[in-house]
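Presented below is the structure to which this report refers.
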Amino acid sequence: MSIITISESAQQHFKKLLANQPDGTQIRVFVINPGTPSAECGVSYCPADTVEDSDIEEKYTDFSVYIDEISAPFLDETVIDYVTDELGSQLTLKAPNSKMKKVADDAPLIERVNYVIQAQINPQLANHGGHVSLVELTDDNYVILQFGGGCNGCSMVDYTLKEGIEKQLMAEFPELAGVKDITEHQSGSHSFC
């Protein structure tokens with residue numbers, strides 16, 4: 001089973017790019033700072049002399065993709081596409097597990113909740129300069145969160161907590177009783193809204 005899914009249009013794009021490179025050049029996909037909030041994914045050329053014995057090779061019709069063994073678990077379920085719209089064309093790379101390794105379906109509830117927070121909720125909050133941290137999961141299944149960044153002091157934090165985060169987590173984990181915020185919110189110029 002492949003770690004990465006590359007759309008047909010992206011494969012054609014890579015084929016065109018590689019046609020202008022020295023023979024034997026392939027594609028490398030990697031993660032810088034894997035498993036951290038600052039994780040960033042990248043795609044680069046992979047000359048034949050840079051392939052390591054420990055690299056994972058995924059073969060496509062016209063080229064191979066190489067993934068280093070440290071990046072591999074963080075690239076699971078990655079999708080690379082080449083999209084054309086009214087603004088032009090661009091390569092897109094969606095790596096939902098780059099900031100945190102995917103947890104098993106039978107992992108403890110707290111690990112599964114934290115994974116959804118890191119992989120799905122925090123990327124949404126980052127658009128507003130904020131983030132949320134899981135403080136604890138209580139014995140009666142309440143998720144205790146702390147907001148940070150632009151979310152601290154934001155006038156919309158209660159709405160975000162109840163209508164956004166709580167709904168999303170409870171849809172994913174029906175066994176949860178709810179979500180609570182322990183942040184001591186301070187208003188000020190640091191807030192996004």
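So you can find residues: chains in the structure tokens are A, B, ... in the order shown, residues in each start at 1, and ligands are numbered from 1 in order.
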
Legend entry - Exercise: A:Glu52 partners within 10 Å, only C-alpha atoms, chain neighbours under 5 positions left out, as a list in words: Tyr66, Ile67, Asp68 and Glu69 of chain A

Inset, instruction - Select from stretch 4-191 of chain A everything DSSP, run on the backbone, classes as strand (DSSP E), then give the selection as a VMD selection string. - result: chain A and resid 4 to 6 26 to 32 40 to 46 56 to 59 64 to 67 78 to 85 88 to 94 130 to 137 142 to 149 178 to 181

Keeping only C-alpha atoms, write those residues as a tab-separated table (two decimals), in the first residue's frame.
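Writing done, so here's out_30.tsv:
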chain	number	residue	atom	x	y	z
A	4	ILE	CA	1.44	8.87	-0.86
A	5	THR	CA	-1.32	9.23	-3.45
A	6	ILE	CA	-0.36	11.24	-6.53
A	26	GLN	CA	13.44	11.17	-9.50
A	27	ILE	CA	11.17	12.91	-6.95
A	28	ARG	CA	11.69	13.17	-3.18
A	29	VAL	CA	8.88	13.97	-0.72
A	30	PHE	CA	9.91	14.89	2.83
A	31	VAL	CA	8.88	16.54	6.10
A	32	ILE	CA	11.01	19.11	7.92
A	40	GLU	CA	6.50	21.52	6.75
A	41	CYS	CA	6.27	19.16	3.80
A	42	GLY	CA	8.23	19.52	0.63
A	43	VAL	CA	8.83	18.03	-2.79
A	44	SER	CA	12.20	18.19	-4.53
A	45	TYR	CA	14.23	16.57	-7.25
A	46	CYS	CA	16.09	13.45	-6.15
A	56	ILE	CA	11.31	4.02	0.75
A	57	GLU	CA	10.65	3.91	-3.00
A	58	GLU	CA	7.16	4.24	-4.44
A	59	LYS	CA	7.08	3.50	-8.18
A	64	SER	CA	9.80	6.95	-8.59
A	65	VAL	CA	9.15	8.87	-5.39
A	66	TYR	CA	11.66	8.50	-2.56
A	67	ILE	CA	10.74	9.06	1.09
A	78	THR	CA	-0.59	12.35	1.87
A	79	VAL	CA	-2.23	13.43	-1.38
A	80	ILE	CA	-0.40	15.35	-4.10
A	81	ASP	CA	-2.48	16.94	-6.83
A	82	TYR	CA	-1.95	19.39	-9.68
A	83	VAL	CA	-4.89	21.77	-9.84
A	84	THR	CA	-5.77	24.25	-12.57
A	85	ASP	CA	-8.27	27.02	-11.89
A	88	GLY	CA	-3.51	29.31	-12.90
A	89	SER	CA	-2.01	25.93	-12.01
A	90	GLN	CA	-0.39	24.76	-8.83
A	91	LEU	CA	0.86	21.62	-7.15
A	92	THR	CA	-0.94	20.92	-3.88
A	93	LEU	CA	0.31	18.65	-1.13
A	94	LYS	CA	-2.02	17.67	1.71
A	130	GLY	CA	-4.47	30.74	17.20
A	131	HIS	CA	-4.21	27.21	18.48
A	132	VAL	CA	-5.65	24.99	21.17
A	133	SER	CA	-3.95	22.46	23.46
A	134	LEU	CA	-5.43	19.41	25.11
A	135	VAL	CA	-4.90	19.80	28.86
A	136	GLU	CA	-6.71	16.66	30.03
A	137	LEU	CA	-9.55	14.25	29.45
A	142	TYR	CA	-14.91	16.12	29.26
A	143	VAL	CA	-12.11	17.43	27.05
A	144	ILE	CA	-10.31	20.29	28.82
A	145	LEU	CA	-8.67	22.72	26.39
A	146	GLN	CA	-6.50	25.80	26.58
A	147	PHE	CA	-6.54	28.39	23.81
A	148	GLY	CA	-3.43	30.27	22.77
A	149	GLY	CA	-2.17	32.74	20.19
A	178	GLY	CA	-18.37	17.88	26.11
A	179	VAL	CA	-15.53	20.37	25.82
A	180	LYS	CA	-14.45	22.97	28.39
A	181	ASP	CA	-12.05	25.90	28.17

Legend entry - Neighbour list for A:Asp23 as JSON, numbers by chain, cut-off 12 Å, only C-alpha atoms, skip fewer than 2 positions in-chain: {"A": [18, 19, 20, 21, 25, 26, 45, 46, 47, 48, 49, 63]}

Inset, instruction - Within 7 Å of stretch 114-123 of chain A, counting only C-alpha atoms, which residues show up once you throw out same-chain ones fewer than 3 positions away? Write them as an NGL selection string, please. - result: :A and (96-97 or 99-100 or 102-103 or 110-111 or 126-127 or 131-132 or 134 or 165)

May I have the selected residues written with N, CA and C atoms, as a compact mmCIF listing (two decimals), in the first residue's frame?
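As written to disk, selection.txt reads:
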# COMPACT_ATOMS: atom_id res chain seq x y z
N PRO A 96 -2.04 15.26 6.14
CA PRO A 96 -2.74 15.43 7.41
C PRO A 96 -1.99 14.91 8.63
N ASN A 97 -0.96 14.10 8.42
CA ASN A 97 -0.25 13.50 9.56
C ASN A 97 1.15 14.06 9.76
N LYS A 99 2.21 16.85 11.19
CA LYS A 99 2.48 17.47 12.49
C LYS A 99 2.40 16.47 13.64
N MET A 100 1.77 15.33 13.36
CA MET A 100 1.60 14.31 14.39
C MET A 100 1.31 12.99 13.70
N LYS A 102 -0.30 9.59 12.76
CA LYS A 102 -1.66 9.06 12.90
C LYS A 102 -1.66 8.01 14.01
N VAL A 103 -2.70 8.06 14.83
CA VAL A 103 -2.80 7.08 15.91
C VAL A 103 -3.75 5.96 15.49
N ILE A 110 -7.75 9.59 24.72
CA ILE A 110 -7.03 10.87 24.83
C ILE A 110 -6.06 11.04 23.64
N GLU A 111 -5.42 9.97 23.19
CA GLU A 111 -4.49 10.07 22.06
C GLU A 111 -5.26 10.33 20.76
N ALA A 126 -5.15 28.05 13.06
CA ALA A 126 -3.93 28.74 12.64
C ALA A 126 -4.22 29.84 11.63
N ASN A 127 -5.30 29.70 10.87
CA ASN A 127 -5.69 30.74 9.92
C ASN A 127 -6.00 32.06 10.62
N HIS A 131 -4.33 28.66 18.33
CA HIS A 131 -4.21 27.21 18.48
C HIS A 131 -4.87 26.81 19.79
N VAL A 132 -5.06 25.51 19.95
CA VAL A 132 -5.65 24.99 21.17
C VAL A 132 -4.83 23.77 21.60
N LEU A 134 -4.70 20.33 24.25
CA LEU A 134 -5.43 19.41 25.11
C LEU A 134 -4.74 19.38 26.47
N ILE A 165 -15.24 23.43 17.73
CA ILE A 165 -14.43 22.35 18.30
C ILE A 165 -15.29 21.27 18.94
